[in-house]
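I have placed the structure first, in the form of C-alpha cells, so that the comments after it can refer back to it.
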Amino acid sequence: MKEELFELLIRLGDDHLVLGHRVSEWCGHAPMLEEDLALPNIALDLIGQARSLYTYAGEVEGRGRDEDQIAYVRLERDYHNLLLTERPNGDFAHTIVRQLFFSVFMQAWWREAVKSTDETLAAIAAKAVKEAAYHVRHAAEWTIRLGDGTEESAHRMEEAVSALWPYTGEMFETDAVTEALAEAGIAPDPSSLKAEWDKVIADVFAEALLSAPDEAWQQSGGRKGRHGEEMGYLLADLQYIQRAYPDMTW
Amino acid sequence: MDRADLQARAWDAAASVPDPEVPCVTVADLGILRSVDIDADGVAVARVTPTYSGCPATLAIELAVETALREAGFETRVERVLSPAWTTNWIGADAREKLREYGIAPPVEASGSIRSLFGETEVACPRCGSTETARVSEFGSTPCKAHYRCEACLEPFDYFKCI
Ligand SMILES: [Zn+2]
C-alpha cells in the first residue's frame, strides 16, 4: 500500500502546487484590489496544502526527499497533476471557472478524507476541508456575479465553461491506485464524488444562468505525466531558481 | 525544580510570545501553542499548530517560540501538529475582547456548516458596535482575516474569520 499512498500524495500534491502556482500568477494583476488579496491568499492555501502532502510523501517514500526536492527538481513527466490545474489563467472568467470546478471537487474529497484510516492524511484533510469551503464560496460567488452579470461577462463565462469542461472528467477517473486506496479506507474513490459535484455545479450554474455543456469529449493523461504544452513553461518558471542554483536556500 | 515547575515555567515563556501578525494577542491566546512538555532529557518540547495550511506566519511563530524558550534557559524542540485542526473556537473570551479593542472583529462562530455557500455572518463593527456592516472581501491582509466596512461609522475593519 506504500506505493499507492505515495502516488496519491504526489498526485494530490502536484494538483495543489501547480494550481497554487497558476493562481499566484495573478498576484499584482487581479482586476481589483480585493481580488489581488483574495487570489494570492487562495494560492497560499493551495501551496500550503501541497507542502503538507509533499512532506508526507517524502516520509512515506523513506528515501530522504523533502518537500523542496519533490517540488523543484522533478521533470515534467514526473508530475501527476490533473490537466485542469495546469490550464493557463486566461481571463478572469477562466480562472474562476477553473477554481470552481477544482474546489468543489476537493471540498468533497477532503470531507471524505477526514475519515481516512491514514492518520496523517486525515489530519491534513481536516485543515484543508475548511480552507476549501472558502475557496468554493469565493469561486461560486464570482461565477454567479459574472454569469448573471453583463452581456460581456456572461459571454466570457460561457466561453470559459466550454473551454474547461473537457478537463473535468479526469478528476473522477479511477485506476489501480485509487481502487486499492479506496478499498483500504485511505482515500475516497473519486468516481463516488461525481454525483455531488454535478449537483453543486448545477446549483451554482442555475443561479449564474449558465449551463453545462452536453457530454463533451474528455481530456486525460495528467495522472500519467502527459501534459499540455503550457506545463513546461510553468515548470520553467516554478523551478528556475533551483535549476540555476541547485540546493540554494535563503 | 521538579518537572511540574519546569513545565509551568516553560509554558509561561512560550505562551508569552505575541502572534507576529496580530500582536495584541499571544500564540497561547489564539490556541496556536498547544502544549509545552519537558521530556525525559529535560528538553522543552513545544507543540504548535498552523492556523491555515499556507499561513506564512507559522515558521515565524515556531522560531519565536523556540527563541523564547531558549531565553528562559531551556533546551528546546518545536513540533508542528496538524491534528486536531486549529479552529477559531480555541480563541478564548479574553482574547476576543483584546482583538475587538485592537480593532479586529473577533470570530462569531466556527463555520460548522461548510455547506452554507452563501450564509452570511452578522459581524459587529469593533469600533462602534453596529451590525450594519458589509463584507468587502472574504480574504484580507492575512489568511485568517476578511475585510469588512462599517455602514454606520464608515470605518473599514478586519474580521477574524471563523474556521
Ligand atoms: Zn462602526
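In the C-alpha cells, each chain is lettered A, B, ... as it comes, each chain's residues begin at 1, and ligands are numbered from 1 in order of appearance.
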*Please report, as number ranges by chain, each residue of chain B to which DSSP assigns helix (DSSP H, G or I) when run on this structure's backbone.*
B: 3-15, 57-71, 88-90, 93-102
With ligand 1 as the partner and 7 Å as the cut-off, tabulate the residues of chain B that qualify, each row holding the nearest pair of atoms and their distance in Å to one decimal, using only C-alpha atoms and all ligand atoms, sorted by chain and rising number, as a Markdown table.
| residue | atom | partner | partner_atom_place_in_ligand_line | distance |
| --- | --- | --- | --- | --- |
| B:Cys125 | CA | ligand 1 | 1 (Zn) | 4.5 |
| B:Pro126 | CA | ligand 1 | 1 (Zn) | 6.7 |
| B:Arg127 | CA | ligand 1 | 1 (Zn) | 5.1 |
| B:Cys128 | CA | ligand 1 | 1 (Zn) | 4.1 |
| B:Gly129 | CA | ligand 1 | 1 (Zn) | 5.9 |
| B:Ser130 | CA | ligand 1 | 1 (Zn) | 5.4 |
| B:Cys150 | CA | ligand 1 | 1 (Zn) | 4.6 |
| B:Glu151 | CA | ligand 1 | 1 (Zn) | 6.7 |
| B:Ala152 | CA | ligand 1 | 1 (Zn) | 5.2 |
| B:Cys153 | CA | ligand 1 | 1 (Zn) | 4.1 |
| B:Leu154 | CA | ligand 1 | 1 (Zn) | 6.1 |
| B:Glu155 | CA | ligand 1 | 1 (Zn) | 5.9 |
*Give as a PyMOL selection string every residue of chain A that touches chain B within 8 Å, counting only C-alpha atoms.*
chain A and resi 34-35+37-38+41+44-49+52+123-124+126-128+130-131+133-134+136-138+140-141
Write a file of the just-selected residues containing N, CA, C and O atoms, as a compact mmCIF listing (two decimals), in the first residue's frame.
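Final output, result-v7.txt:
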# COMPACT_ATOMS: atom_id res chain seq x y z
N GLU A 34 -9.35 43.89 -4.00
CA GLU A 34 -9.81 42.79 -3.14
C GLU A 34 -9.40 41.44 -3.73
O GLU A 34 -9.05 40.52 -3.01
N GLU A 35 -9.47 41.36 -5.06
CA GLU A 35 -9.07 40.10 -5.70
C GLU A 35 -7.56 39.91 -5.67
O GLU A 35 -7.06 38.80 -5.68
N LEU A 37 -5.88 40.53 -3.19
CA LEU A 37 -5.65 39.91 -1.88
C LEU A 37 -6.19 38.49 -1.87
O LEU A 37 -5.57 37.58 -1.32
N ALA A 38 -7.36 38.31 -2.46
CA ALA A 38 -8.03 37.01 -2.39
C ALA A 38 -7.24 35.93 -3.12
O ALA A 38 -7.00 34.85 -2.58
N ASN A 41 -4.08 34.79 -1.47
CA ASN A 41 -4.45 34.06 -0.26
C ASN A 41 -4.84 32.62 -0.59
O ASN A 41 -4.46 31.68 0.10
N LEU A 44 -1.80 30.69 -1.49
CA LEU A 44 -1.06 30.31 -0.29
C LEU A 44 -1.65 29.06 0.35
O LEU A 44 -0.93 28.17 0.79
N ASP A 45 -2.99 29.02 0.42
CA ASP A 45 -3.64 27.82 0.97
C ASP A 45 -3.25 26.60 0.15
O ASP A 45 -2.90 25.56 0.70
N LEU A 46 -3.33 26.73 -1.17
CA LEU A 46 -3.05 25.58 -2.05
C LEU A 46 -1.60 25.13 -1.91
O LEU A 46 -1.30 23.94 -1.81
N ILE A 47 -0.68 26.09 -1.88
CA ILE A 47 0.73 25.74 -1.76
C ILE A 47 1.01 25.17 -0.37
O ILE A 47 1.79 24.22 -0.23
N GLY A 48 0.34 25.71 0.64
CA GLY A 48 0.48 25.16 1.98
C GLY A 48 0.01 23.71 2.05
O GLY A 48 0.64 22.86 2.68
N GLN A 49 -1.10 23.43 1.38
CA GLN A 49 -1.61 22.05 1.34
C GLN A 49 -0.62 21.16 0.59
O GLN A 49 -0.35 20.03 1.01
N SER A 52 2.30 20.19 2.88
CA SER A 52 1.97 19.11 3.82
C SER A 52 1.96 17.76 3.09
O SER A 52 2.46 16.76 3.61
N ALA A 123 -5.45 14.18 9.11
CA ALA A 123 -5.12 15.46 9.74
C ALA A 123 -4.95 16.57 8.70
O ALA A 123 -5.43 17.69 8.88
N ILE A 124 -4.30 16.25 7.59
CA ILE A 124 -4.14 17.24 6.51
C ILE A 124 -5.53 17.61 5.98
O ILE A 124 -5.84 18.78 5.76
N ALA A 126 -8.39 17.48 7.53
CA ALA A 126 -9.21 18.24 8.48
C ALA A 126 -8.94 19.73 8.37
O ALA A 126 -9.85 20.56 8.56
N LYS A 127 -7.71 20.11 8.07
CA LYS A 127 -7.40 21.53 7.86
C LYS A 127 -7.89 21.98 6.51
O LYS A 127 -8.53 23.02 6.36
N ALA A 128 -7.58 21.18 5.50
CA ALA A 128 -7.84 21.60 4.12
C ALA A 128 -9.33 21.74 3.82
O ALA A 128 -9.73 22.60 3.03
N LYS A 130 -11.67 22.88 5.57
CA LYS A 130 -12.20 24.18 5.99
C LYS A 130 -11.74 25.28 5.03
O LYS A 130 -12.49 26.22 4.73
N GLU A 131 -10.50 25.15 4.55
CA GLU A 131 -9.99 26.16 3.61
C GLU A 131 -10.72 26.04 2.27
O GLU A 131 -11.06 27.04 1.63
N ALA A 133 -13.69 25.21 1.79
CA ALA A 133 -15.03 25.80 1.87
C ALA A 133 -14.99 27.26 1.45
O ALA A 133 -15.89 27.75 0.75
N TYR A 134 -13.94 27.96 1.86
CA TYR A 134 -13.80 29.38 1.45
C TYR A 134 -13.51 29.50 -0.04
O TYR A 134 -13.95 30.44 -0.70
N VAL A 136 -14.50 27.45 -2.40
CA VAL A 136 -15.75 27.18 -3.12
C VAL A 136 -16.62 28.44 -3.10
O VAL A 136 -17.16 28.85 -4.12
N ARG A 137 -16.73 29.04 -1.92
CA ARG A 137 -17.61 30.20 -1.80
C ARG A 137 -17.12 31.35 -2.70
O ARG A 137 -17.91 31.99 -3.37
N HIS A 138 -15.81 31.56 -2.68
CA HIS A 138 -15.23 32.63 -3.49
C HIS A 138 -15.54 32.39 -4.97
O HIS A 138 -16.03 33.29 -5.67
N ALA A 140 -17.79 30.35 -6.34
CA ALA A 140 -19.23 30.28 -6.64
C ALA A 140 -19.84 31.69 -6.70
O ALA A 140 -20.65 31.99 -7.59
N GLU A 141 -19.44 32.54 -5.79
CA GLU A 141 -19.99 33.90 -5.79
C GLU A 141 -19.61 34.65 -7.06
O GLU A 141 -20.43 35.35 -7.65
Contacts of Leu30 of chain B at 10 Å or less, counting only C-alpha atoms, minus same-chain residues fewer than 5 places along, as a tab-separated table (two decimals) with N, CA and C atoms, in the first residue's frame?
chain	number	residue	atom	x	y	z
B	18	PRO	N	3.97	36.93	21.36
B	18	PRO	CA	2.84	37.53	20.64
B	18	PRO	C	2.71	36.94	19.24
B	19	ASP	N	1.49	36.93	18.72
B	19	ASP	CA	1.30	36.49	17.34
B	19	ASP	C	1.97	37.53	16.43
B	22	VAL	N	-0.87	39.50	14.54
B	22	VAL	CA	-1.89	40.14	15.40
B	22	VAL	C	-1.28	40.25	16.80
B	25	VAL	N	-2.50	39.79	20.73
B	25	VAL	CA	-2.77	38.52	21.42
B	25	VAL	C	-1.55	37.61	21.30
B	51	THR	N	-2.56	27.90	11.74
B	51	THR	CA	-3.96	28.31	11.61
B	51	THR	C	-4.48	27.87	10.24
B	86	TRP	N	-6.73	23.28	13.81
B	86	TRP	CA	-6.99	24.54	14.52
B	86	TRP	C	-8.37	25.07	14.18
B	87	THR	N	-9.03	25.61	15.19
B	87	THR	CA	-10.33	26.23	14.96
B	87	THR	C	-10.40	27.52	15.75
B	88	THR	N	-11.15	28.47	15.25
B	88	THR	CA	-11.30	29.75	15.96
B	88	THR	C	-12.04	29.57	17.27
B	89	ASN	N	-12.66	28.39	17.48
B	89	ASN	CA	-13.30	28.10	18.77
B	89	ASN	C	-12.30	28.11	19.92
B	90	TRP	N	-11.02	27.92	19.59
B	90	TRP	CA	-9.99	27.88	20.63
B	90	TRP	C	-9.59	29.27	21.11
B	91	ILE	N	-10.11	30.30	20.47
B	91	ILE	CA	-9.79	31.67	20.91
B	91	ILE	C	-10.71	32.00	22.08
B	92	GLY	N	-10.12	32.22	23.24
B	92	GLY	CA	-10.92	32.44	24.44
B	92	GLY	C	-11.59	33.80	24.49
B	95	ALA	N	-9.28	36.84	24.84
B	95	ALA	CA	-8.58	37.14	23.60
B	95	ALA	C	-9.52	37.80	22.59
B	96	ARG	N	-10.78	37.38	22.59
B	96	ARG	CA	-11.76	38.01	21.69
B	96	ARG	C	-11.90	39.49	22.02
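For the set B:Ala124, B:Met1, B:Ile38, B:Ala15, the residue with the smallest atom-to-atom gap to Val65 of chain B is B:Ala15, counting only C-alpha atoms.
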I'd like the contact shell of Arg98 of chain A - 12 Å cut-off, only C-alpha atoms, skipping same-chain residues fewer than 2 positions apart - returned as a short mmCIF file (atom, residue, chain, number, x, y, z; two decimals) with N, CA and C atoms, in the first residue's frame.
data_model
loop_
_atom_site.label_atom_id
_atom_site.label_comp_id
_atom_site.auth_asym_id
_atom_site.auth_seq_id
_atom_site.Cartn_x
_atom_site.Cartn_y
_atom_site.Cartn_z
N LEU A 19 -1.75 24.24 -9.34
CA LEU A 19 -2.84 25.22 -9.32
C LEU A 19 -2.45 26.43 -8.46
N GLY A 20 -1.77 26.16 -7.34
CA GLY A 20 -1.32 27.26 -6.48
C GLY A 20 -0.39 28.20 -7.24
N ARG A 22 -0.34 28.62 -10.56
CA ARG A 22 -1.19 29.35 -11.53
C ARG A 22 -1.91 30.52 -10.86
N VAL A 23 -2.54 30.24 -9.73
CA VAL A 23 -3.32 31.30 -9.06
C VAL A 23 -2.38 32.42 -8.61
N LEU A 82 -3.71 16.87 -12.29
CA LEU A 82 -4.83 16.96 -13.24
C LEU A 82 -4.51 18.03 -14.29
N LEU A 83 -4.88 17.75 -15.53
CA LEU A 83 -4.64 18.74 -16.58
C LEU A 83 -5.37 20.05 -16.28
N LEU A 84 -6.52 19.94 -15.62
CA LEU A 84 -7.29 21.15 -15.28
C LEU A 84 -6.42 22.16 -14.52
N THR A 85 -5.60 21.65 -13.59
CA THR A 85 -4.85 22.55 -12.71
C THR A 85 -3.75 23.31 -13.44
N GLU A 86 -3.29 22.78 -14.58
CA GLU A 86 -2.21 23.47 -15.30
C GLU A 86 -2.74 24.39 -16.40
N ARG A 87 -4.06 24.38 -16.62
CA ARG A 87 -4.59 25.24 -17.68
C ARG A 87 -4.19 26.69 -17.40
N PRO A 88 -3.81 27.42 -18.44
CA PRO A 88 -3.40 28.81 -18.22
C PRO A 88 -4.54 29.65 -17.63
N ASN A 89 -4.17 30.73 -16.96
CA ASN A 89 -5.17 31.56 -16.30
C ASN A 89 -6.20 32.13 -17.26
N GLY A 90 -5.80 32.44 -18.47
CA GLY A 90 -6.73 33.06 -19.41
C GLY A 90 -7.25 34.37 -18.85
N ASP A 91 -8.53 34.66 -19.09
CA ASP A 91 -9.09 35.87 -18.47
C ASP A 91 -9.61 35.48 -17.08
N PHE A 92 -10.16 36.46 -16.38
CA PHE A 92 -10.61 36.22 -15.01
C PHE A 92 -11.70 35.13 -14.99
N ALA A 93 -12.52 35.08 -16.03
CA ALA A 93 -13.58 34.07 -16.09
C ALA A 93 -12.99 32.66 -16.12
N HIS A 94 -11.95 32.45 -16.93
CA HIS A 94 -11.33 31.14 -16.98
C HIS A 94 -10.77 30.74 -15.61
N THR A 95 -10.13 31.69 -14.95
CA THR A 95 -9.55 31.41 -13.64
C THR A 95 -10.64 31.03 -12.64
N ILE A 96 -11.74 31.76 -12.66
CA ILE A 96 -12.83 31.49 -11.71
C ILE A 96 -13.49 30.15 -11.99
N LEU A 100 -13.69 27.01 -9.53
CA LEU A 100 -14.98 26.42 -9.13
C LEU A 100 -14.93 24.90 -9.32
N PHE A 101 -14.53 24.47 -10.51
CA PHE A 101 -14.51 23.04 -10.80
C PHE A 101 -13.62 22.29 -9.81
N PHE A 102 -12.42 22.82 -9.59
CA PHE A 102 -11.48 22.11 -8.72
C PHE A 102 -11.88 22.16 -7.25
N SER A 103 -12.28 23.34 -6.76
CA SER A 103 -12.53 23.44 -5.32
C SER A 103 -13.80 22.71 -4.91
N VAL A 104 -14.79 22.62 -5.79
CA VAL A 104 -15.98 21.84 -5.45
C VAL A 104 -15.61 20.36 -5.34
N PHE A 105 -14.75 19.92 -6.25
CA PHE A 105 -14.27 18.53 -6.19
C PHE A 105 -13.48 18.29 -4.91
N HIS A 135 -12.74 28.55 -0.57
CA HIS A 135 -12.42 28.61 -2.00
C HIS A 135 -13.67 28.39 -2.85
N VAL A 136 -14.50 27.45 -2.40
CA VAL A 136 -15.75 27.18 -3.12
C VAL A 136 -16.62 28.44 -3.10
N ALA A 139 -15.28 31.17 -5.45
CA ALA A 139 -15.48 30.89 -6.87
C ALA A 139 -16.96 30.89 -7.24
N ALA A 140 -17.79 30.35 -6.34
CA ALA A 140 -19.23 30.28 -6.64
C ALA A 140 -19.84 31.69 -6.70
N TRP A 142 -18.35 34.49 -7.48
CA TRP A 142 -17.94 35.15 -8.71
C TRP A 142 -18.63 34.56 -9.93
N THR A 143 -18.82 33.24 -9.91
CA THR A 143 -19.49 32.59 -11.04
C THR A 143 -20.88 33.18 -11.21
N MET A 157 -17.92 33.95 -19.41
CA MET A 157 -18.11 32.78 -18.55
C MET A 157 -18.51 31.56 -19.37
N ALA A 160 -15.48 30.21 -20.98
CA ALA A 160 -14.61 29.53 -20.01
C ALA A 160 -15.17 28.15 -19.66
N VAL A 161 -16.48 28.08 -19.48
CA VAL A 161 -17.09 26.79 -19.13
C VAL A 161 -16.88 25.80 -20.26
N SER A 162 -17.09 26.24 -21.50
CA SER A 162 -16.94 25.25 -22.58
C SER A 162 -15.47 24.89 -22.81
N ALA A 163 -14.55 25.83 -22.52
CA ALA A 163 -13.12 25.51 -22.69
C ALA A 163 -12.63 24.53 -21.63
N LEU A 164 -13.15 24.66 -20.41
CA LEU A 164 -12.62 23.87 -19.30
C LEU A 164 -13.40 22.60 -19.00
N TRP A 165 -14.62 22.51 -19.52
CA TRP A 165 -15.44 21.33 -19.26
C TRP A 165 -14.72 20.02 -19.64
N PRO A 166 -14.02 19.98 -20.77
CA PRO A 166 -13.34 18.73 -21.14
C PRO A 166 -12.22 18.31 -20.17
N TYR A 167 -11.91 19.16 -19.20
CA TYR A 167 -10.86 18.82 -18.22
C TYR A 167 -11.46 18.37 -16.88
N THR A 168 -12.77 18.24 -16.82
CA THR A 168 -13.39 17.89 -15.53
C THR A 168 -13.48 16.38 -15.33
N ILE A 201 -22.39 21.95 -8.91
CA ILE A 201 -22.14 22.77 -10.10
C ILE A 201 -23.48 23.17 -10.76
#
*Compile the contact shell of segment 77-80 of chain B as a list in words: residues with an atom at most 7 Å away, counting only C-alpha atoms, same-chain residues fewer than 5 positions apart removed.*
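Once the nearby chain positions are removed, what remains is Ala44, Val45, Ala46, Arg47, Val48, Thr49, Glu62 and Glu66 of chain B.
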Would you write out those residues with C-alpha atoms, as a JSON list (two decimals), in the first residue's frame?
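Output file result-v2.json is given in full below:
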[["chain", "number", "residue", "atom", "x", "y", "z"],
["B", 44, "ALA", "CA", 11.15, 21.59, 26.49],
["B", 45, "VAL", "CA", 9.02, 20.27, 23.65],
["B", 46, "ALA", "CA", 6.54, 22.86, 22.36],
["B", 47, "ARG", "CA", 3.74, 21.82, 20.02],
["B", 48, "VAL", "CA", 2.26, 24.40, 17.70],
["B", 49, "THR", "CA", -0.46, 24.09, 15.10],
["B", 62, "GLU", "CA", 7.91, 28.41, 15.58],
["B", 66, "GLU", "CA", 11.98, 28.41, 20.20]]
*asked:* I'd like the contact shell of Val123 of chain B - 8 Å cut-off, only C-alpha atoms, skipping same-chain residues fewer than 3 positions apart - returned as a list in words.
replied: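 Within the cut-off, the hits are Ala105, Val108, Thr131, Thr133 and Tyr159 of chain B.
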